[in-house]
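Pasted below: data-v3.tsv, TSV, C-alpha atoms and all ligand atoms.
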chain	number	residue	atom	x	y	z
A	1	MET	CA	-15.49	3.60	18.04
A	2	MET	CA	-17.84	3.94	15.07
A	3	VAL	CA	-16.59	5.09	11.68
A	4	GLU	CA	-19.12	7.90	11.43
A	5	ASN	CA	-17.54	11.24	12.17
A	6	PRO	CA	-15.26	12.22	9.25
A	7	SER	CA	-13.18	14.58	11.39
A	8	GLU	CA	-12.17	11.65	13.63
A	9	TRP	CA	-10.71	9.35	10.96
A	10	ALA	CA	-7.81	9.18	8.54
A	11	VAL	CA	-7.68	6.62	5.73
A	12	PHE	CA	-4.48	5.03	4.40
A	13	LEU	CA	-4.75	2.77	1.36
A	14	ASP	CA	-2.43	0.34	-0.35
A	15	LEU	CA	-2.96	0.22	-4.13
A	16	ASP	CA	-2.29	-3.14	-5.84
A	17	GLY	CA	-4.43	-5.95	-4.46
A	18	THR	CA	-6.32	-3.44	-2.27
A	19	LEU	CA	-7.84	-0.80	-4.57
A	20	ILE	CA	-7.07	-2.50	-7.88
A	21	ASP	CA	-6.86	-6.14	-8.90
A	22	ILE	CA	-3.41	-7.70	-9.13
A	23	ALA	CA	-2.39	-8.35	-12.75
A	24	PRO	CA	0.01	-10.99	-14.15
A	25	THR	CA	2.70	-8.26	-14.30
A	26	PRO	CA	2.63	-4.78	-12.71
A	27	ARG	CA	2.29	-2.99	-16.04
A	28	LEU	CA	-0.87	-4.89	-16.98
A	29	VAL	CA	-3.09	-3.54	-14.20
A	30	SER	CA	-6.41	-2.06	-15.18
A	31	ILE	CA	-7.67	0.96	-13.27
A	32	PRO	CA	-11.43	1.18	-12.71
A	33	SER	CA	-12.67	4.48	-14.16
A	34	ASP	CA	-14.56	5.29	-10.95
A	35	LEU	CA	-11.51	4.93	-8.68
A	36	ALA	CA	-10.10	8.48	-8.96
A	37	PRO	CA	-13.54	10.14	-8.53
A	38	LEU	CA	-14.21	7.91	-5.50
A	39	LEU	CA	-10.91	8.84	-3.84
A	40	ALA	CA	-11.43	12.53	-4.64
A	41	ARG	CA	-14.83	12.41	-2.92
A	42	LEU	CA	-13.50	10.54	0.08
A	43	CYS	CA	-10.62	13.00	0.39
A	44	VAL	CA	-13.03	15.96	0.51
A	45	ALA	CA	-15.26	14.17	3.04
A	46	LEU	CA	-12.22	13.49	5.27
A	47	ARG	CA	-10.98	17.11	4.91
A	48	GLY	CA	-7.87	15.81	3.19
A	49	ALA	CA	-7.02	13.01	5.65
A	50	LEU	CA	-6.49	10.37	2.95
A	51	ALA	CA	-3.22	8.88	1.72
A	52	ILE	CA	-1.94	6.15	-0.58
A	53	VAL	CA	0.78	3.88	0.87
A	54	THR	CA	2.23	1.74	-1.90
A	55	GLY	CA	5.28	-0.11	-3.14
A	56	ARG	CA	4.91	1.62	-6.49
A	57	PRO	CA	6.74	4.80	-7.44
A	58	ILE	CA	4.51	7.87	-6.98
A	59	VAL	CA	4.71	8.61	-10.70
A	60	ASP	CA	2.76	5.36	-11.35
A	61	VAL	CA	0.12	6.27	-8.77
A	62	ASP	CA	-0.32	9.73	-10.31
A	63	ARG	CA	-0.75	8.22	-13.77
A	64	PHE	CA	-3.38	5.79	-12.47
A	65	LEU	CA	-5.34	8.44	-10.53
A	66	ASP	CA	-4.86	11.41	-12.88
A	67	PRO	CA	-5.68	14.25	-12.27
A	68	LEU	CA	-5.59	13.49	-8.52
A	69	ARG	CA	-2.28	14.05	-6.69
A	70	LEU	CA	-2.99	12.67	-3.24
A	71	ILE	CA	-0.75	12.57	-0.20
A	72	THR	CA	1.31	9.47	-1.00
A	73	ALA	CA	4.09	7.25	0.30
A	74	GLY	CA	5.69	5.55	-2.72
A	75	VAL	CA	8.23	2.69	-2.93
A	76	HIS	CA	7.23	1.65	0.63
A	77	GLY	CA	8.09	5.12	1.97
A	78	ALA	CA	11.29	5.89	0.03
A	79	GLU	CA	9.21	8.60	-1.68
A	80	LEU	CA	6.91	10.86	0.31
A	81	ARG	CA	4.49	13.55	-0.84
A	82	THR	CA	3.21	15.21	2.30
A	83	GLU	CA	0.57	17.44	0.75
A	84	ARG	CA	-1.84	17.19	-2.16
A	85	ASP	CA	-0.26	18.40	-5.39
A	86	GLY	CA	2.99	18.91	-3.45
A	87	GLN	CA	6.58	17.92	-4.25
A	88	VAL	CA	7.80	14.35	-3.88
A	89	LEU	CA	10.51	14.12	-1.21
A	90	LEU	CA	13.06	11.32	-1.11
A	91	THR	CA	13.80	9.62	2.19
A	92	VAL	CA	16.65	7.44	0.86
A	93	GLY	CA	19.36	7.59	-1.79
A	94	PRO	CA	19.20	5.78	-5.13
A	95	MET	CA	19.60	2.00	-5.34
A	96	ASP	CA	23.15	0.65	-5.31
A	97	PRO	CA	23.91	0.09	-9.04
A	98	GLY	CA	25.79	-3.16	-8.40
A	99	VAL	CA	22.85	-4.63	-6.49
A	100	ALA	CA	20.40	-3.43	-9.14
A	101	ALA	CA	22.48	-5.02	-11.92
A	102	ALA	CA	22.76	-8.34	-10.08
A	103	VAL	CA	19.00	-8.42	-9.41
A	104	SER	CA	18.22	-7.48	-13.04
A	105	ARG	CA	20.13	-10.55	-14.24
A	106	LEU	CA	17.68	-12.80	-12.34
A	107	SER	CA	15.18	-12.45	-15.19
A	108	ASP	CA	17.37	-15.04	-16.97
A	109	LEU	CA	16.53	-17.66	-14.31
A	110	ALA	CA	13.20	-18.60	-15.91
A	111	PRO	CA	10.84	-17.26	-18.57
A	112	GLY	CA	8.09	-15.15	-16.99
A	113	ILE	CA	10.25	-13.52	-14.30
A	114	VAL	CA	9.74	-9.76	-14.49
A	115	VAL	CA	12.25	-7.39	-12.89
A	116	GLU	CA	10.94	-3.93	-12.00
A	117	PRO	CA	13.66	-1.38	-11.14
A	118	LYS	CA	12.35	1.60	-9.14
A	119	ILE	CA	15.42	3.83	-8.50
A	120	TYR	CA	15.29	3.31	-4.69
A	121	SER	CA	14.44	-0.40	-4.76
A	122	ILE	CA	14.07	-3.26	-7.22
A	123	ALA	CA	11.27	-5.83	-7.39
A	124	VAL	CA	11.26	-9.31	-8.91
A	125	HIS	CA	7.83	-10.60	-9.92
A	126	TYR	CA	7.35	-14.33	-10.54
A	127	ARG	CA	3.57	-14.72	-10.80
A	128	LEU	CA	4.17	-16.15	-14.31
A	129	ALA	CA	7.01	-18.41	-13.10
A	130	PRO	CA	5.88	-19.66	-9.65
A	131	SER	CA	8.13	-22.73	-9.72
A	132	ALA	CA	11.21	-20.48	-9.81
A	133	GLU	CA	10.51	-19.24	-6.26
A	134	PRO	CA	13.13	-21.31	-4.36
A	135	GLN	CA	15.87	-20.49	-6.87
A	136	LEU	CA	14.95	-16.82	-6.90
A	137	GLU	CA	14.84	-16.60	-3.14
A	138	ALA	CA	18.26	-18.22	-2.79
A	139	ALA	CA	19.78	-15.92	-5.42
A	140	LEU	CA	18.27	-12.80	-3.83
A	141	LYS	CA	19.47	-13.78	-0.35
A	142	ASN	CA	22.91	-14.19	-1.83
A	143	ILE	CA	22.83	-10.76	-3.46
A	144	VAL	CA	21.58	-9.01	-0.32
A	145	ALA	CA	24.13	-10.84	1.86
A	146	GLY	CA	26.92	-9.46	-0.34
A	147	SER	CA	25.45	-5.93	-0.59
A	148	PRO	CA	25.82	-2.86	1.62
A	149	ASP	CA	23.87	-3.81	4.74
A	150	HIS	CA	21.07	-1.30	4.33
A	151	PHE	CA	19.05	-3.61	2.04
A	152	ILE	CA	16.51	-6.24	3.06
A	153	LEU	CA	14.21	-8.57	1.15
A	154	SER	CA	10.54	-7.67	1.30
A	155	PRO	CA	8.45	-10.61	0.04
A	156	GLY	CA	4.89	-10.24	-1.22
A	157	ARG	CA	2.34	-12.02	-3.36
A	158	TYR	CA	4.56	-13.61	-6.08
A	159	VAL	CA	7.05	-10.78	-5.71
A	160	VAL	CA	10.23	-10.21	-3.74
A	161	GLU	CA	11.59	-6.71	-3.47
A	162	VAL	CA	15.03	-5.53	-2.43
A	163	VAL	CA	14.31	-2.42	-0.37
A	164	PRO	CA	16.28	-0.09	1.92
A	165	ARG	CA	16.07	-1.39	5.46
A	166	HIS	CA	14.47	1.69	7.05
A	167	VAL	CA	11.53	2.37	4.76
A	168	PRO	CA	8.79	-0.11	5.70
A	169	LYS	CA	5.24	1.10	5.12
A	170	GLY	CA	4.67	1.25	8.89
A	171	ALA	CA	7.37	3.92	9.21
A	172	ALA	CA	5.75	5.84	6.34
A	173	LEU	CA	2.36	5.75	8.09
A	174	GLU	CA	3.98	6.89	11.35
A	175	ALA	CA	5.65	9.79	9.53
A	176	MET	CA	2.39	10.83	7.88
A	177	MET	CA	0.44	10.70	11.17
A	178	GLY	CA	2.67	13.58	12.31
A	179	LEU	CA	1.38	15.82	9.49
A	180	PRO	CA	-1.18	18.45	10.57
A	181	VAL	CA	-3.88	17.00	8.30
A	182	PHE	CA	-3.73	13.60	10.08
A	183	LYS	CA	-2.79	14.64	13.59
A	184	GLY	CA	-5.21	13.52	16.33
A	185	ARG	CA	-7.21	11.30	13.97
A	186	ARG	CA	-7.56	7.52	14.13
A	187	PRO	CA	-5.97	5.80	11.14
A	188	ILE	CA	-7.70	3.09	9.12
A	189	MET	CA	-5.11	1.24	7.02
A	190	ILE	CA	-6.25	-1.21	4.32
A	191	GLY	CA	-3.77	-3.63	2.74
A	192	ASP	CA	-3.39	-7.09	1.25
A	193	ASP	CA	0.22	-8.14	1.55
A	194	VAL	CA	3.31	-8.73	3.68
A	195	PRO	CA	4.69	-5.16	3.34
A	196	ASP	CA	1.33	-3.82	4.61
A	197	GLU	CA	1.66	-5.68	7.92
A	198	SER	CA	3.83	-3.00	9.54
A	199	ALA	CA	1.36	-0.30	8.46
A	200	LEU	CA	-1.64	-2.28	9.76
A	201	ASP	CA	0.17	-2.55	13.11
A	202	ALA	CA	1.06	1.16	13.07
A	203	ALA	CA	-2.62	2.03	12.54
A	204	VAL	CA	-3.56	0.01	15.63
A	205	ARG	CA	-0.82	1.73	17.68
A	206	HIS	CA	-2.38	5.08	16.74
A	207	GLY	CA	-5.80	4.01	18.03
A	208	GLY	CA	-7.26	2.98	14.70
A	209	PHE	CA	-7.46	-0.33	12.93
A	210	GLY	CA	-6.05	-2.34	10.04
A	211	LEU	CA	-8.29	-4.01	7.47
A	212	ARG	CA	-7.07	-6.94	5.38
A	213	VAL	CA	-7.95	-7.87	1.81
A	214	ALA	CA	-8.06	-11.60	1.03
A	215	GLY	CA	-5.51	-13.12	-1.32
A	216	GLU	CA	-2.38	-15.26	-1.22
A	217	HIS	CA	-1.22	-13.49	1.94
A	218	PHE	CA	-4.40	-13.06	4.02
A	219	THR	CA	-5.96	-16.42	3.29
A	220	GLY	CA	-8.12	-17.16	6.32
A	221	GLN	CA	-9.13	-14.04	8.19
A	222	ALA	CA	-9.56	-11.11	5.85
A	223	ASP	CA	-12.03	-8.23	6.06
A	224	PHE	CA	-12.64	-7.85	2.33
A	225	ARG	CA	-12.90	-10.48	-0.40
A	226	ASP	CA	-11.23	-8.36	-3.09
A	227	PRO	CA	-10.50	-4.78	-4.21
A	228	SER	CA	-14.04	-4.33	-5.51
A	229	ASP	CA	-15.29	-4.99	-1.95
A	230	VAL	CA	-12.88	-2.33	-0.68
A	231	ARG	CA	-14.08	0.23	-3.23
A	232	SER	CA	-17.72	-0.47	-2.31
A	233	TRP	CA	-16.97	0.02	1.39
A	234	LEU	CA	-15.08	3.26	0.71
A	235	ALA	CA	-17.99	4.53	-1.42
A	236	ALA	CA	-20.46	3.64	1.37
A	237	SER	CA	-18.17	5.37	3.89
A	238	ALA	CA	-18.03	8.50	1.72
A	239	ASP	CA	-21.87	8.47	1.48
A	240	ASN	CA	-22.04	8.13	5.25
A	241	PHE	CA	-19.54	10.94	5.92
A	242	GLU	CA	-21.60	13.20	3.65
A	243	THR	CA	-24.79	12.41	5.58
A	244	GLU	CA	-25.85	14.89	8.25
A	245	PRO	CA	-24.69	14.06	11.79
A	246	GLY	CA	-27.25	12.01	13.70
A	247	LYS	CA	-28.35	10.12	10.59
A	248	ARG	CA	-24.95	8.53	9.94
A	249	ARG	CA	-24.53	4.78	10.17
A	250	GLU	CA	-21.21	2.98	9.71
A	251	PRO	CA	-21.26	0.78	6.60
A	252	SER	CA	-20.87	-2.89	7.47
A	253	LEU	CA	-17.84	-4.91	6.40
A	254	PRO	CA	-18.33	-8.00	4.22
A	255	TYR	CA	-17.29	-10.37	7.01
A	256	GLY	CA	-18.72	-8.30	9.82
A	257	THR	CA	-15.42	-8.08	11.71
A	258	ARG	CA	-13.23	-5.03	12.13
A	259	GLY	CA	-9.83	-6.49	11.26
A	260	ARG	CA	-6.99	-5.84	13.57
A	261	ASN	CA	-7.97	-3.23	16.10
A	262	ALA	CA	-7.04	-1.81	19.44
A	263	GLN	CA	-9.64	-4.01	21.13
A	264	GLY	CA	-8.01	-7.09	19.53
A	301	MG	MG	-0.83	-4.60	-2.17

Represent the structure of the file as structure tokens.
Amino acid sequence: MMVENPSEWAVFLDLDGTLIDIAPTPRLVSIPSDLAPLLARLCVALRGALAIVTGRPIVDVDRFLDPLRLITAGVHGAELRTERDGQVLLTVGPMDPGVAAAVSRLSDLAPGIVVEPKIYSIAVHYRLAPSAEPQLEAALKNIVAGSPDHFILSPGRYVVEVVPRHVPKGAALEAMMGLPVFKGRRPIMIGDDVPDESALDAAVRHGGFGLRVAGEHFTGQADFRDPSDVRSWLAASADNFETEPGKRREPSLPYGTRGRNAQG
């Protein structure tokens, strides 16, 4: 199972912590200028079998990757764009306003807590207020316990998000694998955080593999050190896919392993 033939593979990529470095708050991220050209190249090499799977709204992703409009699952799958430059479809209704208001008030718990409302979900970032974690967690559990029962807490790296129960990233990847452009291919999912776990598992179920980026979540056994490692590997993969058959050679991974795969 070598990653050599571009018509055999599909690539699914998380954004923050995977393609770009995590910033103190989500608005402060910096986007490497070579990221959009790299993804555009990879997308052509894979005949379109490339997608972004992120917790961010698709409008953010489009701003970061302008002018690219890739196939994308946004807000963990609450938003879905099933073709390049296509319309964004919604898979859930808007966030319950009472829940959103209660979560928004949590920014008063400690300085540095940043609340990020996203229409279909709401995230609370505490990277700048790490000691507030126990208080925040208790308050969020309380809010979700008293809310309509279709919300769950989705924790991540210094962030907890209140999300609709049925939109994990794994379900988004499953849905996208049914699209003609991905059908019959083996998915490679790359992610760095708790919400990516279900998508890494889904990739394995579809005969592919899941690659992990080191950080607060994947501490011991990651496949990449950081997003710059991921970008280098994707660039090497694009080079390889563009090479004539017979001369292709799969680019090696920094740690030499192949993450979570069907062979274990
Ligand atoms: Mg991430």

Distance filter 7 Å around ligand MG 301 (chain A), atoms: all atoms listed in the file, out as a list in words: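 Residues lying within 7 Å of ligand MG 301 (chain A): Asp14, Leu15, Asp16, Gly17, Thr18, Gly191, Asp192 and Asp193 of chain A.
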
Gap from CA of Phe241 in chain A to CA of Arg212 in chain A - Å, one decimal: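 Going from CA of Phe241 in chain A over to CA of Arg212 in chain A, I get 21.8 Å.
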
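With distances restricted to only C-alpha atoms, A:Cys43 is the closest residue to Ser237 in chain A from A:Ala78, A:Ala132, A:Ile22, A:Cys43.
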
Option closest in space to Thr72 in chain A, from A:Val181, A:Leu173, A:Arg157, A:Ser131 [counting only C-alpha atoms]: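 Among the listed residues, A:Leu173 lies closest to Thr72 in chain A.
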
Between CA of Val163 in chain A and CA of Leu109 in chain A, distance in Å (one decimal):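 It comes out at 20.8 Å.
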
Point-to-point distance from CA of Pro111 in chain A to CA of Ala129 in chain A, Å rounded to tenths: 6.8 Å

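Using all atoms listed in the file, the protein and nucleic acid residues lying no more than 12 Å from Tyr126 in chain A, apart from those fewer than 6 places from it along its own chain, are Ala23, Pro24, Thr25, Pro26, Leu106, Ser107, Asp108, Leu109, Ala110, Pro111, Gly112, Ile113, Val114, Val115, Glu116, Ala132, Glu133, Pro134, Gln135, Leu136, Glu137, Pro155, Gly156, Arg157, Tyr158, Val159, Val160 and Glu161 of chain A.
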
Print the selection's residues with C-alpha atoms to a file, as a PDB file, keeping the file's coordinate frame.
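Below is the file that was written, part.pdb:
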ATOM      1  CA  ALA A  23      -2.390  -8.350 -12.750  1.00  0.00           C
ATOM      2  CA  PRO A  24       0.010 -10.990 -14.150  1.00  0.00           C
ATOM      3  CA  THR A  25       2.700  -8.260 -14.300  1.00  0.00           C
ATOM      4  CA  PRO A  26       2.630  -4.780 -12.710  1.00  0.00           C
ATOM      5  CA  LEU A 106      17.680 -12.800 -12.340  1.00  0.00           C
ATOM      6  CA  SER A 107      15.180 -12.450 -15.190  1.00  0.00           C
ATOM      7  CA  ASP A 108      17.370 -15.040 -16.970  1.00  0.00           C
ATOM      8  CA  LEU A 109      16.530 -17.660 -14.310  1.00  0.00           C
ATOM      9  CA  ALA A 110      13.200 -18.600 -15.910  1.00  0.00           C
ATOM     10  CA  PRO A 111      10.840 -17.260 -18.570  1.00  0.00           C
ATOM     11  CA  GLY A 112       8.090 -15.150 -16.990  1.00  0.00           C
ATOM     12  CA  ILE A 113      10.250 -13.520 -14.300  1.00  0.00           C
ATOM     13  CA  VAL A 114       9.740  -9.760 -14.490  1.00  0.00           C
ATOM     14  CA  VAL A 115      12.250  -7.390 -12.890  1.00  0.00           C
ATOM     15  CA  GLU A 116      10.940  -3.930 -12.000  1.00  0.00           C
ATOM     16  CA  ALA A 132      11.210 -20.480  -9.810  1.00  0.00           C
ATOM     17  CA  GLU A 133      10.510 -19.240  -6.260  1.00  0.00           C
ATOM     18  CA  PRO A 134      13.130 -21.310  -4.360  1.00  0.00           C
ATOM     19  CA  GLN A 135      15.870 -20.490  -6.870  1.00  0.00           C
ATOM     20  CA  LEU A 136      14.950 -16.820  -6.900  1.00  0.00           C
ATOM     21  CA  GLU A 137      14.840 -16.600  -3.140  1.00  0.00           C
ATOM     22  CA  PRO A 155       8.450 -10.610   0.040  1.00  0.00           C
ATOM     23  CA  GLY A 156       4.890 -10.240  -1.220  1.00  0.00           C
ATOM     24  CA  ARG A 157       2.340 -12.020  -3.360  1.00  0.00           C
ATOM     25  CA  TYR A 158       4.560 -13.610  -6.080  1.00  0.00           C
ATOM     26  CA  VAL A 159       7.050 -10.780  -5.710  1.00  0.00           C
ATOM     27  CA  VAL A 160      10.230 -10.210  -3.740  1.00  0.00           C
ATOM     28  CA  GLU A 161      11.590  -6.710  -3.470  1.00  0.00           C
TER      29      GLU A 161
END

Which of A:Asp85, A:Asp223, A:Asp229, A:Glu4 sits closest to Thr243 in chain A [using only C-alpha atoms]: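 Ranked by minimum distance to Thr243 in chain A, first place goes to A:Glu4.
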
Write out as a PDB file with C-alpha atoms, in the frame of the given file each polymer residue whose atoms come within 7 Å of Lys118 in chain A, counting only C-alpha atoms; drop sequence neighbours fewer than 3 positions from it.
ATOM      1  CA  PRO A  57       6.740   4.800  -7.440  1.00  0.00           C
ATOM      2  CA  SER A 121      14.440  -0.400  -4.760  1.00  0.00           C
ATOM      3  CA  ILE A 122      14.070  -3.260  -7.220  1.00  0.00           C
TER       4      ILE A 122
END

Counting only C-alpha atoms, which residues in range 145-176 of chain A sit no more than 7 Å from range 197-210 of chain A? For each one, give the nearest pair of atoms and the distance in Å, sorted by chain then residue number, as a tab-separated table.
residue	atom	partner	partner_atom	distance
A:Pro168	CA	A:Ser198	CA	6.9
A:Lys169	CA	A:Ala199	CA	5.3
A:Gly170	CA	A:Ala199	CA	3.7
A:Leu173	CA	A:Ala199	CA	6.1
A:Glu174	CA	A:Ala202	CA	6.7

What are the closest atom pairs, with distances in Å to one decimal, for each residue of range 152-195 of chain A lying within 10 Å of range 79-84 of chain A, using only C-alpha atoms, rows by chain and rising residue number, as a Markdown table?
| residue | atom | partner | partner_atom | distance |
| --- | --- | --- | --- | --- |
| A:Val167 | CA | A:Glu79 | CA | 9.3 |
| A:Ala172 | CA | A:Leu80 | CA | 7.9 |
| A:Ala175 | CA | A:Thr82 | CA | 9.4 |
| A:Met176 | CA | A:Thr82 | CA | 7.1 |
| A:Leu179 | CA | A:Thr82 | CA | 7.4 |
| A:Pro180 | CA | A:Thr82 | CA | 9.9 |
| A:Val181 | CA | A:Glu83 | CA | 8.8 |

Keeping C-alpha atoms for every residue in the selection just given, could you write it to a file as a short mmCIF file (atom, residue, chain, number, x, y, z; two decimals), keeping the file's coordinate frame?
data_model
loop_
_atom_site.label_atom_id
_atom_site.label_comp_id
_atom_site.auth_asym_id
_atom_site.auth_seq_id
_atom_site.Cartn_x
_atom_site.Cartn_y
_atom_site.Cartn_z
CA VAL A 167 11.53 2.37 4.76
CA ALA A 172 5.75 5.84 6.34
CA ALA A 175 5.65 9.79 9.53
CA MET A 176 2.39 10.83 7.88
CA LEU A 179 1.38 15.82 9.49
CA PRO A 180 -1.18 18.45 10.57
CA VAL A 181 -3.88 17.00 8.30
#

Using only C-alpha atoms: which of A:Leu28, A:Ile119, A:Val61, A:Ala10 has the shortest distance to Gly48 in chain A: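 Comparing A:Leu28, A:Ile119, A:Val61, A:Ala10 against Gly48 in chain A, the winner is A:Ala10.
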
Residues within 10 Å of (14.1, 10.9, -2.5), file coords, all atoms listed in the file, listed as number ranges by chain: A: 74, 77-80, 88-94, 119-120

Using only C-alpha atoms: which of A:Val162, A:Val99, A:Ala235, A:Leu39 has the shortest distance to Gly55 in chain A: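 Among the listed residues, A:Val162 lies closest to Gly55 in chain A.
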
Distance query Gly98 in chain A at most 12 Å, only C-alpha atoms, self and fewer than 3 positions along chain excluded, as a PDB file with C-alpha atoms, in the frame of the given file:
ATOM      1  CA  PRO A  94      19.200   5.780  -5.130  1.00  0.00           C
ATOM      2  CA  MET A  95      19.600   2.000  -5.340  1.00  0.00           C
ATOM      3  CA  ALA A 101      22.480  -5.020 -11.920  1.00  0.00           C
ATOM      4  CA  ALA A 102      22.760  -8.340 -10.080  1.00  0.00           C
ATOM      5  CA  VAL A 103      19.000  -8.420  -9.410  1.00  0.00           C
ATOM      6  CA  SER A 104      18.220  -7.480 -13.040  1.00  0.00           C
ATOM      7  CA  ARG A 105      20.130 -10.550 -14.240  1.00  0.00           C
ATOM      8  CA  ILE A 122      14.070  -3.260  -7.220  1.00  0.00           C
ATOM      9  CA  ILE A 143      22.830 -10.760  -3.460  1.00  0.00           C
ATOM     10  CA  VAL A 144      21.580  -9.010  -0.320  1.00  0.00           C
ATOM     11  CA  GLY A 146      26.920  -9.460  -0.340  1.00  0.00           C
ATOM     12  CA  SER A 147      25.450  -5.930  -0.590  1.00  0.00           C
ATOM     13  CA  PRO A 148      25.820  -2.860   1.620  1.00  0.00           C
TER      14      PRO A 148
END

Would you compute an axis-aligned box for range 152-156 of chain A, covering every atom listed for it in the file with 5 Å of margin on each side, and report centre and edge lengths in Å to one decimal as JSON?
{"center_x": 10.7, "center_y": -8.4, "center_z": 0.9, "size_x": 21.6, "size_y": 14.4, "size_z": 14.3}

From A:Ala73, A:Ile20, A:Val230, A:Val124, residue lying nearest Ile190 in chain A [only C-alpha atoms]: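 Distance minimum relative to Ile190 in chain A lands on A:Val230.
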
Test item: residues at most 12 Å from Ala36 in chain A, all atoms listed in the file, excluding those fewer than 3 positions along its chain, as a list in words: Leu15, Leu19, Ile20, Ile31, Pro32, Ser33, Leu39, Ala40, Arg41, Leu42, Cys43, Ile52, Val61, Asp62, Arg63, Phe64, Leu65, Asp66, Pro67, Leu68, Arg69, Leu70, Arg231 and Ala235 of chain A
